[in-house]
file final.cif (mmCIF, C-alpha atoms)
data_entry
loop_
_atom_site.group_PDB
_atom_site.id
_atom_site.type_symbol
_atom_site.label_atom_id
_atom_site.label_comp_id
_atom_site.auth_asym_id
_atom_site.auth_seq_id
_atom_site.Cartn_x
_atom_site.Cartn_y
_atom_site.Cartn_z
ATOM 1 C CA MET Z 1 0.000 0.000 0.000
ATOM 2 C CA VAL Z 2 2.882 2.337 0.907
ATOM 3 C CA PRO Z 3 6.374 1.375 -0.237
ATOM 4 C CA GLY Z 4 9.388 2.070 1.905
ATOM 5 C CA GLU Z 5 11.601 0.670 4.617
ATOM 6 C CA PHE Z 6 8.626 -1.180 6.123
ATOM 7 C CA GLU Z 7 5.786 -2.609 4.090
ATOM 8 C CA LEU Z 8 2.406 -1.177 5.040
ATOM 9 C CA SER Z 9 -0.324 -3.382 3.574
ATOM 10 C CA GLN Z 10 -3.961 -2.395 3.238
ATOM 11 C CA ASP Z 11 -4.863 -4.893 5.941
ATOM 12 C CA ASP Z 12 -2.217 -3.477 8.322
ATOM 13 C CA PHE Z 13 -3.509 0.045 7.716
ATOM 14 C CA ARG Z 14 -7.109 -0.963 8.360
ATOM 15 C CA ARG Z 15 -6.196 -2.659 11.636
ATOM 16 C CA ILE Z 16 -4.277 0.418 12.817
ATOM 17 C CA ALA Z 17 -7.094 2.733 11.698
ATOM 18 C CA ALA Z 18 -9.681 0.599 13.495
ATOM 19 C CA ALA Z 19 -7.615 0.621 16.705
ATOM 20 C CA ILE Z 20 -7.238 4.398 16.858
ATOM 21 C CA HIS Z 21 -10.879 4.906 15.938
ATOM 22 C CA LYS Z 22 -11.936 2.651 18.793
ATOM 23 C CA ASP Z 23 -9.597 4.324 21.274
ATOM 24 C CA ALA Z 24 -9.967 7.973 20.316
ATOM 25 C CA GLY Z 25 -12.696 8.335 17.690
ATOM 26 C CA ILE Z 26 -10.146 9.474 15.119
ATOM 27 C CA TYR Z 27 -11.145 8.563 11.561
ATOM 28 C CA LEU Z 28 -8.289 7.650 9.213
ATOM 29 C CA PRO Z 29 -9.330 7.213 5.579
ATOM 30 C CA GLU Z 30 -6.991 5.309 3.273
ATOM 31 C CA ALA Z 31 -5.804 8.648 1.877
ATOM 32 C CA LYS Z 32 -3.947 9.081 5.193
ATOM 33 C CA ALA Z 33 -1.841 5.943 4.679
ATOM 34 C CA THR Z 34 1.316 7.892 3.786
ATOM 35 C CA LEU Z 35 0.942 10.067 6.895
ATOM 36 C CA VAL Z 36 0.412 6.963 9.054
ATOM 37 C CA TYR Z 37 3.533 5.385 7.577
ATOM 38 C CA ALA Z 38 5.663 8.487 8.134
ATOM 39 C CA ARG Z 39 4.638 8.926 11.758
ATOM 40 C CA LEU Z 40 4.672 5.293 12.827
ATOM 41 C CA ALA Z 41 7.873 4.210 11.065
ATOM 42 C CA LYS Z 42 9.727 5.882 13.941
ATOM 43 C CA ARG Z 43 7.859 3.670 16.396
ATOM 44 C CA LEU Z 44 8.812 0.535 14.451
ATOM 45 C CA ARG Z 45 12.471 1.525 14.564
ATOM 46 C CA ALA Z 46 12.276 2.304 18.292
ATOM 47 C CA LEU Z 47 10.701 -1.072 18.981
ATOM 48 C CA GLY Z 48 13.062 -2.988 16.707
ATOM 49 C CA LEU Z 49 10.213 -4.276 14.530
ATOM 50 C CA THR Z 50 10.644 -5.177 10.877
ATOM 51 C CA SER Z 51 7.124 -4.771 9.483
ATOM 52 C CA PHE Z 52 3.787 -3.074 10.033
ATOM 53 C CA ARG Z 53 2.297 -6.535 10.364
ATOM 54 C CA GLU Z 54 4.310 -7.006 13.555
ATOM 55 C CA TYR Z 55 3.287 -3.529 14.700
ATOM 56 C CA SER Z 56 -0.420 -4.045 14.031
ATOM 57 C CA ASP Z 57 -0.224 -7.409 15.829
ATOM 58 C CA LEU Z 58 1.282 -5.594 18.820
ATOM 59 C CA VAL Z 59 -1.191 -2.721 19.083
ATOM 60 C CA CYS Z 60 -4.178 -4.983 18.463
ATOM 61 C CA GLY Z 61 -2.976 -7.635 20.895
ATOM 62 C CA PRO Z 62 -3.578 -8.075 24.631
ATOM 63 C CA SER Z 63 -0.248 -6.468 25.581
ATOM 64 C CA GLY Z 64 -0.563 -3.488 23.267
ATOM 65 C CA ALA Z 65 -2.158 -0.906 25.584
ATOM 66 C CA GLU Z 66 1.050 1.049 26.222
ATOM 67 C CA GLU Z 67 2.009 1.132 22.544
ATOM 68 C CA ARG Z 68 -1.513 2.234 21.628
ATOM 69 C CA ARG Z 69 -0.897 5.314 23.750
ATOM 70 C CA GLU Z 70 2.381 5.905 21.919
ATOM 71 C CA MET Z 71 0.583 5.416 18.604
ATOM 72 C CA LEU Z 72 -2.066 7.937 19.572
ATOM 73 C CA ALA Z 73 0.585 10.501 20.491
ATOM 74 C CA ALA Z 74 2.356 9.908 17.172
ATOM 75 C CA LEU Z 75 -0.787 10.216 15.050
ATOM 76 C CA THR Z 76 -2.462 13.190 16.693
ATOM 77 C CA THR Z 77 -1.660 16.661 15.411
ATOM 78 C CA ASN Z 78 -0.856 19.159 18.173
ATOM 79 C CA VAL Z 79 -0.803 22.454 16.307
ATOM 80 C CA THR Z 80 -1.479 25.270 18.760
ATOM 81 C CA ARG Z 81 -0.305 28.716 19.753
ATOM 82 C CA PHE Z 82 -1.179 31.460 22.187
ATOM 83 C CA PHE Z 83 -4.321 33.420 21.219
ATOM 84 C CA ARG Z 84 -4.886 31.326 18.102
ATOM 85 C CA GLU Z 85 -8.029 32.575 16.300
ATOM 86 C CA SER Z 86 -7.901 35.818 18.252
ATOM 87 C CA HIS Z 87 -11.542 36.711 17.550
ATOM 88 C CA HIS Z 88 -12.607 34.043 20.042
ATOM 89 C CA PHE Z 89 -10.602 35.641 22.828
ATOM 90 C CA GLU Z 90 -11.967 39.066 21.912
ATOM 91 C CA HIS Z 91 -15.510 37.660 22.129
ATOM 92 C CA LEU Z 92 -14.686 36.010 25.455
ATOM 93 C CA LYS Z 93 -13.220 39.249 26.785
ATOM 94 C CA THR Z 94 -15.966 41.617 25.645
ATOM 95 C CA GLN Z 95 -19.123 39.502 25.535
ATOM 96 C CA VAL Z 96 -18.775 36.692 28.070
ATOM 97 C CA LEU Z 97 -16.400 37.621 30.879
ATOM 98 C CA PRO Z 98 -17.586 41.089 32.035
ATOM 99 C CA SER Z 99 -20.805 39.878 33.658
ATOM 100 C CA LEU Z 100 -19.158 36.704 34.940
ATOM 101 C CA LEU Z 101 -16.351 38.575 36.656
ATOM 102 C CA LYS Z 102 -18.877 40.853 38.365
ATOM 103 C CA GLN Z 103 -20.510 37.697 39.713
ATOM 104 C CA ALA Z 104 -17.115 36.418 40.828
ATOM 105 C CA VAL Z 105 -16.550 39.578 42.883
ATOM 106 C CA ARG Z 106 -19.793 38.742 44.688
ATOM 107 C CA GLY Z 107 -18.610 35.181 45.334
ATOM 108 C CA GLY Z 108 -19.963 33.474 42.204
ATOM 109 C CA ARG Z 109 -18.194 30.670 40.364
ATOM 110 C CA VAL Z 110 -16.753 30.918 36.856
ATOM 111 C CA ARG Z 111 -15.812 27.786 34.917
ATOM 112 C CA ILE Z 112 -14.318 27.564 31.417
ATOM 113 C CA TRP Z 113 -13.276 24.383 29.624
ATOM 114 C CA SER Z 114 -10.526 23.950 27.041
ATOM 115 C CA ALA Z 115 -11.614 20.565 25.688
ATOM 116 C CA ALA Z 116 -8.584 19.812 23.508
ATOM 117 C CA CYS Z 117 -5.860 21.807 25.199
ATOM 118 C CA SER Z 118 -2.785 20.303 23.514
ATOM 119 C CA SER Z 119 0.362 21.635 25.229
ATOM 120 C CA GLY Z 120 -1.454 24.357 27.126
ATOM 121 C CA GLN Z 121 -1.339 27.522 25.036
ATOM 122 C CA GLU Z 122 -5.134 27.653 24.652
ATOM 123 C CA PRO Z 123 -6.100 27.371 28.349
ATOM 124 C CA TYR Z 124 -3.321 29.738 29.353
ATOM 125 C CA SER Z 125 -4.606 32.207 26.741
ATOM 126 C CA ILE Z 126 -8.045 31.924 28.346
ATOM 127 C CA ALA Z 127 -6.529 32.537 31.778
ATOM 128 C CA LEU Z 128 -4.509 35.493 30.460
ATOM 129 C CA THR Z 129 -7.701 36.987 29.047
ATOM 130 C CA ILE Z 130 -9.290 36.674 32.482
ATOM 131 C CA LEU Z 131 -6.251 38.196 34.194
ATOM 132 C CA SER Z 132 -6.237 41.118 31.766
ATOM 133 C CA LEU Z 133 -9.637 42.077 33.196
ATOM 134 C CA MET Z 134 -9.175 40.861 36.771
ATOM 135 C CA PRO Z 135 -5.535 40.668 37.946
ATOM 136 C CA ASP Z 136 -6.577 39.053 41.248
ATOM 137 C CA ALA Z 137 -8.643 36.340 39.528
ATOM 138 C CA ALA Z 138 -6.659 33.568 41.226
ATOM 139 C CA ALA Z 139 -8.167 34.686 44.542
ATOM 140 C CA ARG Z 140 -11.710 34.212 43.187
ATOM 141 C CA ASP Z 141 -13.699 31.082 42.384
ATOM 142 C CA ILE Z 142 -12.508 31.135 38.766
ATOM 143 C CA ARG Z 143 -11.016 28.074 37.097
ATOM 144 C CA VAL Z 144 -10.101 26.877 33.620
ATOM 145 C CA LEU Z 145 -10.302 23.126 33.025
ATOM 146 C CA ALA Z 146 -7.799 21.962 30.399
ATOM 147 C CA THR Z 147 -8.227 18.442 29.001
ATOM 148 C CA ASP Z 148 -6.586 16.427 26.266
ATOM 149 C CA ILE Z 149 -6.391 12.773 25.300
ATOM 150 C CA ASP Z 150 -2.592 12.835 25.020
ATOM 151 C CA PRO Z 151 -0.831 12.456 28.395
ATOM 152 C CA TYR Z 152 2.378 13.907 26.961
ATOM 153 C CA MET Z 153 0.551 17.130 26.067
ATOM 154 C CA ILE Z 154 -1.017 17.277 29.520
ATOM 155 C CA ALA Z 155 2.455 16.975 31.070
ATOM 156 C CA LYS Z 156 3.751 19.821 28.883
ATOM 157 C CA GLY Z 157 0.806 21.992 29.828
ATOM 158 C CA ARG Z 158 1.302 21.372 33.521
ATOM 159 C CA LYS Z 159 4.978 22.268 33.200
ATOM 160 C CA GLY Z 160 3.996 25.526 31.526
ATOM 161 C CA GLU Z 161 7.336 26.218 29.893
ATOM 162 C CA TYR Z 162 7.576 27.738 26.414
ATOM 163 C CA SER Z 163 10.149 29.137 24.029
ATOM 164 C CA ALA Z 164 10.431 32.845 23.407
ATOM 165 C CA ASP Z 165 9.107 32.303 19.879
ATOM 166 C CA ALA Z 166 5.962 30.668 21.279
ATOM 167 C CA LEU Z 167 5.154 33.869 23.187
ATOM 168 C CA THR Z 168 5.170 36.105 20.112
ATOM 169 C CA ASP Z 169 1.385 36.548 20.141
ATOM 170 C CA VAL Z 170 1.151 37.222 23.877
ATOM 171 C CA PRO Z 171 0.726 40.986 24.485
ATOM 172 C CA ALA Z 172 3.890 42.475 25.962
ATOM 173 C CA GLU Z 173 2.159 43.651 29.146
ATOM 174 C CA LEU Z 174 0.771 40.181 29.876
ATOM 175 C CA ARG Z 175 4.073 38.544 28.965
ATOM 176 C CA SER Z 176 5.999 40.677 31.442
ATOM 177 C CA LYS Z 177 3.474 40.131 34.227
ATOM 178 C CA PHE Z 178 2.711 36.447 33.912
ATOM 179 C CA PHE Z 179 5.823 34.712 32.542
ATOM 180 C CA ARG Z 180 9.205 34.184 34.175
ATOM 181 C CA PRO Z 181 12.494 33.496 32.350
ATOM 182 C CA VAL Z 182 14.085 30.071 32.702
ATOM 183 C CA ARG Z 183 17.698 29.965 31.554
ATOM 184 C CA GLY Z 184 19.517 26.833 30.553
ATOM 185 C CA HIS Z 185 20.698 24.715 27.640
ATOM 186 C CA GLY Z 186 22.021 27.801 25.846
ATOM 187 C CA GLU Z 187 18.729 29.651 25.398
ATOM 188 C CA THR Z 188 16.002 31.270 27.468
ATOM 189 C CA SER Z 189 12.585 29.747 27.824
ATOM 190 C CA TRP Z 190 9.646 31.153 29.762
ATOM 191 C CA ARG Z 191 7.530 29.561 32.469
ATOM 192 C CA VAL Z 192 4.030 30.649 33.404
ATOM 193 C CA ALA Z 193 3.865 32.552 36.681
ATOM 194 C CA ASP Z 194 2.130 31.037 39.708
ATOM 195 C CA GLU Z 195 -0.943 33.293 39.476
ATOM 196 C CA LEU Z 196 -1.470 32.207 35.856
ATOM 197 C CA GLN Z 197 -0.794 28.544 36.484
ATOM 198 C CA SER Z 198 -3.123 28.424 39.475
ATOM 199 C CA LEU Z 199 -6.123 29.281 37.313
ATOM 200 C CA VAL Z 200 -5.674 26.209 35.076
ATOM 201 C CA THR Z 201 -6.236 22.561 35.980
ATOM 202 C CA PHE Z 202 -4.953 19.927 33.534
ATOM 203 C CA ARG Z 203 -6.629 16.523 33.226
ATOM 204 C CA GLN Z 204 -6.414 13.710 30.687
ATOM 205 C CA LEU Z 205 -9.775 13.124 29.000
ATOM 206 C CA ASN Z 206 -10.997 11.173 25.985
ATOM 207 C CA LEU Z 207 -13.896 13.060 24.388
ATOM 208 C CA ILE Z 208 -15.556 9.895 23.102
ATOM 209 C CA GLU Z 209 -15.699 8.345 26.578
ATOM 210 C CA PRO Z 210 -18.041 9.415 29.422
ATOM 211 C CA TRP Z 211 -17.139 12.798 30.888
ATOM 212 C CA PRO Z 212 -16.662 12.875 34.674
ATOM 213 C CA MET Z 213 -17.489 16.577 35.163
ATOM 214 C CA SER Z 214 -20.809 17.114 36.911
ATOM 215 C CA GLY Z 215 -21.024 20.884 36.573
ATOM 216 C CA THR Z 216 -21.586 23.256 33.663
ATOM 217 C CA PHE Z 217 -19.315 25.775 31.957
ATOM 218 C CA HIS Z 218 -19.675 29.414 31.026
ATOM 219 C CA ALA Z 219 -17.506 28.897 27.951
ATOM 220 C CA ILE Z 220 -16.208 25.830 26.149
ATOM 221 C CA PHE Z 221 -13.351 25.837 23.642
ATOM 222 C CA CYS Z 222 -13.302 22.770 21.383
ATOM 223 C CA ARG Z 223 -11.343 23.871 18.348
ATOM 224 C CA ASN Z 224 -9.793 21.944 15.492
ATOM 225 C CA VAL Z 225 -10.278 18.518 17.042
ATOM 226 C CA VAL Z 226 -13.575 17.078 15.746
ATOM 227 C CA ILE Z 227 -12.301 17.493 12.188
ATOM 228 C CA TYR Z 228 -10.482 14.227 12.884
ATOM 229 C CA PHE Z 229 -13.764 12.427 13.701
ATOM 230 C CA ASN Z 230 -16.432 11.045 11.387
ATOM 231 C CA GLU Z 231 -19.777 12.829 11.163
ATOM 232 C CA ALA Z 232 -21.577 10.599 13.656
ATOM 233 C CA THR Z 233 -18.896 11.134 16.308
ATOM 234 C CA GLN Z 234 -18.873 14.879 15.663
ATOM 235 C CA GLN Z 235 -22.619 15.113 16.142
ATOM 236 C CA ALA Z 236 -22.469 13.059 19.345
ATOM 237 C CA ILE Z 237 -19.861 15.412 20.812
ATOM 238 C CA TRP Z 238 -21.842 18.526 19.844
ATOM 239 C CA SER Z 239 -24.884 17.028 21.551
ATOM 240 C CA ASN Z 240 -22.865 16.257 24.676
ATOM 241 C CA PHE Z 241 -21.753 19.874 24.909
ATOM 242 C CA VAL Z 242 -25.320 21.225 25.056
ATOM 243 C CA PRO Z 243 -26.093 20.195 28.672
ATOM 244 C CA LYS Z 244 -22.604 21.274 29.745
ATOM 245 C CA LEU Z 245 -23.032 24.865 28.543
ATOM 246 C CA GLU Z 246 -24.507 27.570 30.752
ATOM 247 C CA LEU Z 247 -27.276 29.705 29.307
ATOM 248 C CA GLY Z 248 -25.558 32.806 27.956
ATOM 249 C CA GLY Z 249 -22.240 30.979 27.665
ATOM 250 C CA ALA Z 250 -20.233 30.442 24.484
ATOM 251 C CA LEU Z 251 -19.028 27.388 22.582
ATOM 252 C CA TYR Z 252 -15.989 28.121 20.407
ATOM 253 C CA LEU Z 253 -15.157 25.848 17.449
ATOM 254 C CA GLY Z 254 -12.314 25.720 14.951
ATOM 255 C CA HIS Z 255 -12.501 27.876 11.843
ATOM 256 C CA SER Z 256 -13.657 25.001 9.602
ATOM 257 C CA GLU Z 257 -16.094 23.404 12.068
ATOM 258 C CA ARG Z 258 -19.868 23.864 12.189
ATOM 259 C CA ILE Z 259 -22.583 22.486 14.455
ATOM 260 C CA THR Z 260 -24.595 19.735 12.749
ATOM 261 C CA GLY Z 261 -27.043 17.070 13.861
ATOM 262 C CA PRO Z 262 -29.401 17.248 16.872
ATOM 263 C CA ALA Z 263 -27.327 19.895 18.678
ATOM 264 C CA ALA Z 264 -28.139 22.402 15.937
ATOM 265 C CA ALA Z 265 -31.662 22.667 17.354
ATOM 266 C CA SER Z 266 -30.262 23.924 20.683
ATOM 267 C CA LEU Z 267 -27.404 26.174 19.569
ATOM 268 C CA ARG Z 268 -27.337 29.409 17.600
ATOM 269 C CA SER Z 269 -24.471 31.201 15.915
ATOM 270 C CA VAL Z 270 -23.362 34.374 17.732
ATOM 271 C CA GLY Z 271 -20.134 35.022 15.862
ATOM 272 C CA VAL Z 272 -17.438 33.455 13.729
ATOM 273 C CA SER Z 273 -17.432 29.748 14.711
ATOM 274 C CA THR Z 274 -19.017 30.808 18.011
ATOM 275 C CA TYR Z 275 -22.270 29.390 19.383
ATOM 276 C CA SER Z 276 -24.567 29.927 22.331
ATOM 277 C CA LEU Z 277 -27.635 28.130 23.667
ATOM 278 C CA LYS Z 278 -30.860 29.301 22.091
ATOM 279 C CA SER Z 279 -33.128 31.282 24.384
ATOM 280 C CA GLY Z 280 -35.110 28.939 26.576
ATOM 281 C CA GLU Z 281 -32.637 26.066 26.267
ATOM 282 C CA CYS Z 282 -31.427 25.158 29.740
ATOM 283 C CA PRO Z 283 -28.700 22.679 30.613
#

call {"tool": "encode", "arguments": {"input": "final.cif", "output": "structure tokens"}}
result
Amino acid sequence: MVPGEFELSQDDFRRIAAAIHKDAGIYLPEAKATLVYARLAKRLRALGLTSFREYSDLVCGPSGAEERREMLAALTTNVTRFFRESHHFEHLKTQVLPSLLKQAVRGGRVRIWSAACSSGQEPYSIALTILSLMPDAAARDIRVLATDIDPYMIAKGRKGEYSADALTDVPAELRSKFFRPVRGHGETSWRVADELQSLVTFRQLNLIEPWPMSGTFHAIFCRNVVIYFNEATQQAIWSNFVPKLELGGALYLGHSERITGPAAASLRSVGVSTYSLKSGECP
């Protein structure tokens, strides 16, 4: 199917695709075979395997759980940056947060969810947006939940350390207040300050499995992740978001994503790839 150092047959590809779909909901059409080969060939070399048949036997076998996690990390795309799709953060800042932060001053709770947080730039951007309006937010009942299926990304997010280049889109005032230099290995990196880090809680979560959170959220960011799912899985996730969203809250999607299926009856567009519950819809 794909020529190269290791033979990847159609049957091997289908077994690998079925495994990652079962584990993570990710849909891999045969057009992705070259990408699968390129990303997993490194795993074959690391494991000392000689063929994708051996690899598919491993990940589909009873002792393959650990390698399935490695496979997931290799096949998922973690493209992210601070304040990516800046219009969402402007909407959050001007349309969602002002009333919520007034409630927080009076003792109210504020909860925001970054549902595919990658290495942390998105939830920290949310927290920075909050801090730009309320510098003492860490002393209030305000929290950002950051979840991702990839444990390696969760670990990076918790560490909160980024290169200087990664901070290019962070406003200078926020960068100076909420990041601290970390010197070593010949270059300077930057670590999130305690007051920024304390607003964000990182947890591993698979979106196609039951969600453990019992409460609702005033804003949910789920951007550029369901594009990797088939239509049925996308619609199921949209529907699951509806009861998790507070009335008046916002659901932010990736630039190419749109609400379809049953959830469309409960959500209305309020901006570019931004949705809110229709009036009268309660969680």

call {"tool": "axis_aligned_box", "arguments": {"input": "final.cif", "around": "stretch 51-59 of chain Z", "padding_each_side": "4 Å", "output": "JSON"}}
result
{"center_x": 3.0, "center_y": -5.1, "center_z": 14.3, "size_x": 16.3, "size_y": 12.7, "size_z": 17.6}

call {"tool": "closest_residue", "arguments": {"input": "final.cif", "among": "Z:Phe221, Z:Tyr124, Z:Phe229, Z:Trp190", "to": "Z:Ile208", "atoms": "all atoms listed in the file"}}
result
Z:Phe229

call {"tool": "resolve_selection", "arguments": {"input": "final.cif", "expression": "the PyMOL selection byres ((chain Z and resi 144) around 8)", "output": "short mmCIF file (atom, residue, chain, number, x, y, z; two decimals) with C-alpha atoms, keeping the file's coordinate frame"}}
result
data_model
loop_
_atom_site.label_atom_id
_atom_site.label_comp_id
_atom_site.auth_asym_id
_atom_site.auth_seq_id
_atom_site.Cartn_x
_atom_site.Cartn_y
_atom_site.Cartn_z
CA ARG Z 111 -15.81 27.79 34.92
CA ILE Z 112 -14.32 27.56 31.42
CA TRP Z 113 -13.28 24.38 29.62
CA SER Z 114 -10.53 23.95 27.04
CA PRO Z 123 -6.10 27.37 28.35
CA ILE Z 126 -8.04 31.92 28.35
CA ALA Z 127 -6.53 32.54 31.78
CA ILE Z 142 -12.51 31.14 38.77
CA ARG Z 143 -11.02 28.07 37.10
CA LEU Z 145 -10.30 23.13 33.02
CA ALA Z 146 -7.80 21.96 30.40
CA LEU Z 199 -6.12 29.28 37.31
CA VAL Z 200 -5.67 26.21 35.08
CA THR Z 201 -6.24 22.56 35.98
#

call {"tool": "closest_residue", "arguments": {"input": "final.cif", "among": "Z:Ala116, Z:Ala46, Z:Ile154, Z:Val2", "to": "Z:Ala31", "atoms": "only C-alpha atoms"}}
result
Z:Val2

call {"tool": "resolve_selection", "arguments": {"input": "final.cif", "expression": "the PyMOL selection byres ((chain Z and resi 125) around 9)", "output": "PDB file with C-alpha atoms, in the coordinates of the input"}}
result
ATOM      1  CA  ARG Z  81      -0.305  28.716  19.753  1.00  0.00           C
ATOM      2  CA  PHE Z  82      -1.179  31.460  22.187  1.00  0.00           C
ATOM      3  CA  PHE Z  83      -4.321  33.420  21.219  1.00  0.00           C
ATOM      4  CA  ARG Z  84      -4.886  31.326  18.102  1.00  0.00           C
ATOM      5  CA  PHE Z  89     -10.602  35.641  22.828  1.00  0.00           C
ATOM      6  CA  GLY Z 120      -1.454  24.357  27.126  1.00  0.00           C
ATOM      7  CA  GLN Z 121      -1.339  27.522  25.036  1.00  0.00           C
ATOM      8  CA  GLU Z 122      -5.134  27.653  24.652  1.00  0.00           C
ATOM      9  CA  PRO Z 123      -6.100  27.371  28.349  1.00  0.00           C
ATOM     10  CA  TYR Z 124      -3.321  29.738  29.353  1.00  0.00           C
ATOM     11  CA  ILE Z 126      -8.045  31.924  28.346  1.00  0.00           C
ATOM     12  CA  ALA Z 127      -6.529  32.537  31.778  1.00  0.00           C
ATOM     13  CA  LEU Z 128      -4.509  35.493  30.460  1.00  0.00           C
ATOM     14  CA  THR Z 129      -7.701  36.987  29.047  1.00  0.00           C
ATOM     15  CA  ILE Z 130      -9.290  36.674  32.482  1.00  0.00           C
ATOM     16  CA  VAL Z 170       1.151  37.222  23.877  1.00  0.00           C
TER      17      VAL Z 170
END

call {"tool": "residues_around", "arguments": {"input": "final.cif", "residues": "Z:Glu195", "least_positions_apart": "5", "cutoff": "10 Å", "atoms": "all atoms listed in the file", "output": "list in words"}}
result
Ala127, Leu128, Leu131, Pro135, Asp136, Ala137, Ala138, Ala139, Lys177, Phe178, Phe179 and Val200 of chain Z

call {"tool": "decode", "arguments": {"input": "final.cif", "residues": "stretch 262-283 of chain Z", "atoms": "N, CA and C atoms", "output": "compact mmCIF listing (two decimals), in the first residue's frame"}}
result
# COMPACT_ATOMS: atom_id res chain seq x y z
N PRO Z 262 -28.41 16.83 15.88
CA PRO Z 262 -29.40 17.25 16.87
C PRO Z 262 -29.03 18.50 17.65
N ALA Z 263 -27.74 18.72 17.90
CA ALA Z 263 -27.33 19.90 18.68
C ALA Z 263 -27.67 21.21 17.99
N ALA Z 264 -27.83 21.18 16.68
CA ALA Z 264 -28.14 22.40 15.94
C ALA Z 264 -29.48 23.00 16.36
N ALA Z 265 -30.36 22.17 16.90
CA ALA Z 265 -31.66 22.67 17.35
C ALA Z 265 -31.55 23.45 18.65
N SER Z 266 -30.44 23.28 19.38
CA SER Z 266 -30.26 23.92 20.68
C SER Z 266 -29.26 25.07 20.68
N LEU Z 267 -28.46 25.18 19.61
CA LEU Z 267 -27.40 26.17 19.57
C LEU Z 267 -27.61 27.15 18.42
N ARG Z 268 -27.23 28.39 18.65
CA ARG Z 268 -27.34 29.41 17.60
C ARG Z 268 -25.98 30.07 17.41
N SER Z 269 -25.71 30.52 16.21
CA SER Z 269 -24.47 31.20 15.91
C SER Z 269 -24.52 32.62 16.48
N VAL Z 270 -23.45 33.02 17.19
CA VAL Z 270 -23.36 34.37 17.73
C VAL Z 270 -22.07 35.06 17.30
N GLY Z 271 -21.39 34.46 16.34
CA GLY Z 271 -20.13 35.02 15.86
C GLY Z 271 -19.42 34.02 15.00
N VAL Z 272 -18.22 34.34 14.58
CA VAL Z 272 -17.44 33.46 13.73
C VAL Z 272 -17.09 32.18 14.50
N SER Z 273 -17.62 31.05 14.06
CA SER Z 273 -17.43 29.75 14.71
C SER Z 273 -17.65 29.83 16.22
N THR Z 274 -18.66 30.61 16.61
CA THR Z 274 -19.02 30.81 18.01
C THR Z 274 -20.51 30.57 18.18
N TYR Z 275 -20.87 29.78 19.19
CA TYR Z 275 -22.27 29.39 19.38
C TYR Z 275 -22.67 29.64 20.83
N SER Z 276 -23.99 29.79 21.01
CA SER Z 276 -24.57 29.93 22.33
C SER Z 276 -25.88 29.16 22.36
N LEU Z 277 -26.35 28.79 23.55
CA LEU Z 277 -27.63 28.13 23.67
C LEU Z 277 -28.75 29.07 23.19
N LYS Z 278 -29.70 28.52 22.48
CA LYS Z 278 -30.86 29.30 22.09
C LYS Z 278 -31.66 29.69 23.33
N SER Z 279 -32.34 30.81 23.26
CA SER Z 279 -33.13 31.28 24.38
C SER Z 279 -34.13 30.22 24.80
N GLY Z 280 -34.18 29.94 26.10
CA GLY Z 280 -35.11 28.94 26.58
C GLY Z 280 -34.50 27.57 26.73
N GLU Z 281 -33.31 27.35 26.11
CA GLU Z 281 -32.64 26.07 26.27
C GLU Z 281 -31.84 26.09 27.57
N CYS Z 282 -32.14 25.23 28.47
CA CYS Z 282 -31.43 25.16 29.74
C CYS Z 282 -30.64 23.87 29.84
N PRO Z 283 -29.47 23.90 30.44
CA PRO Z 283 -28.70 22.68 30.61
C PRO Z 283 -29.45 21.64 31.42
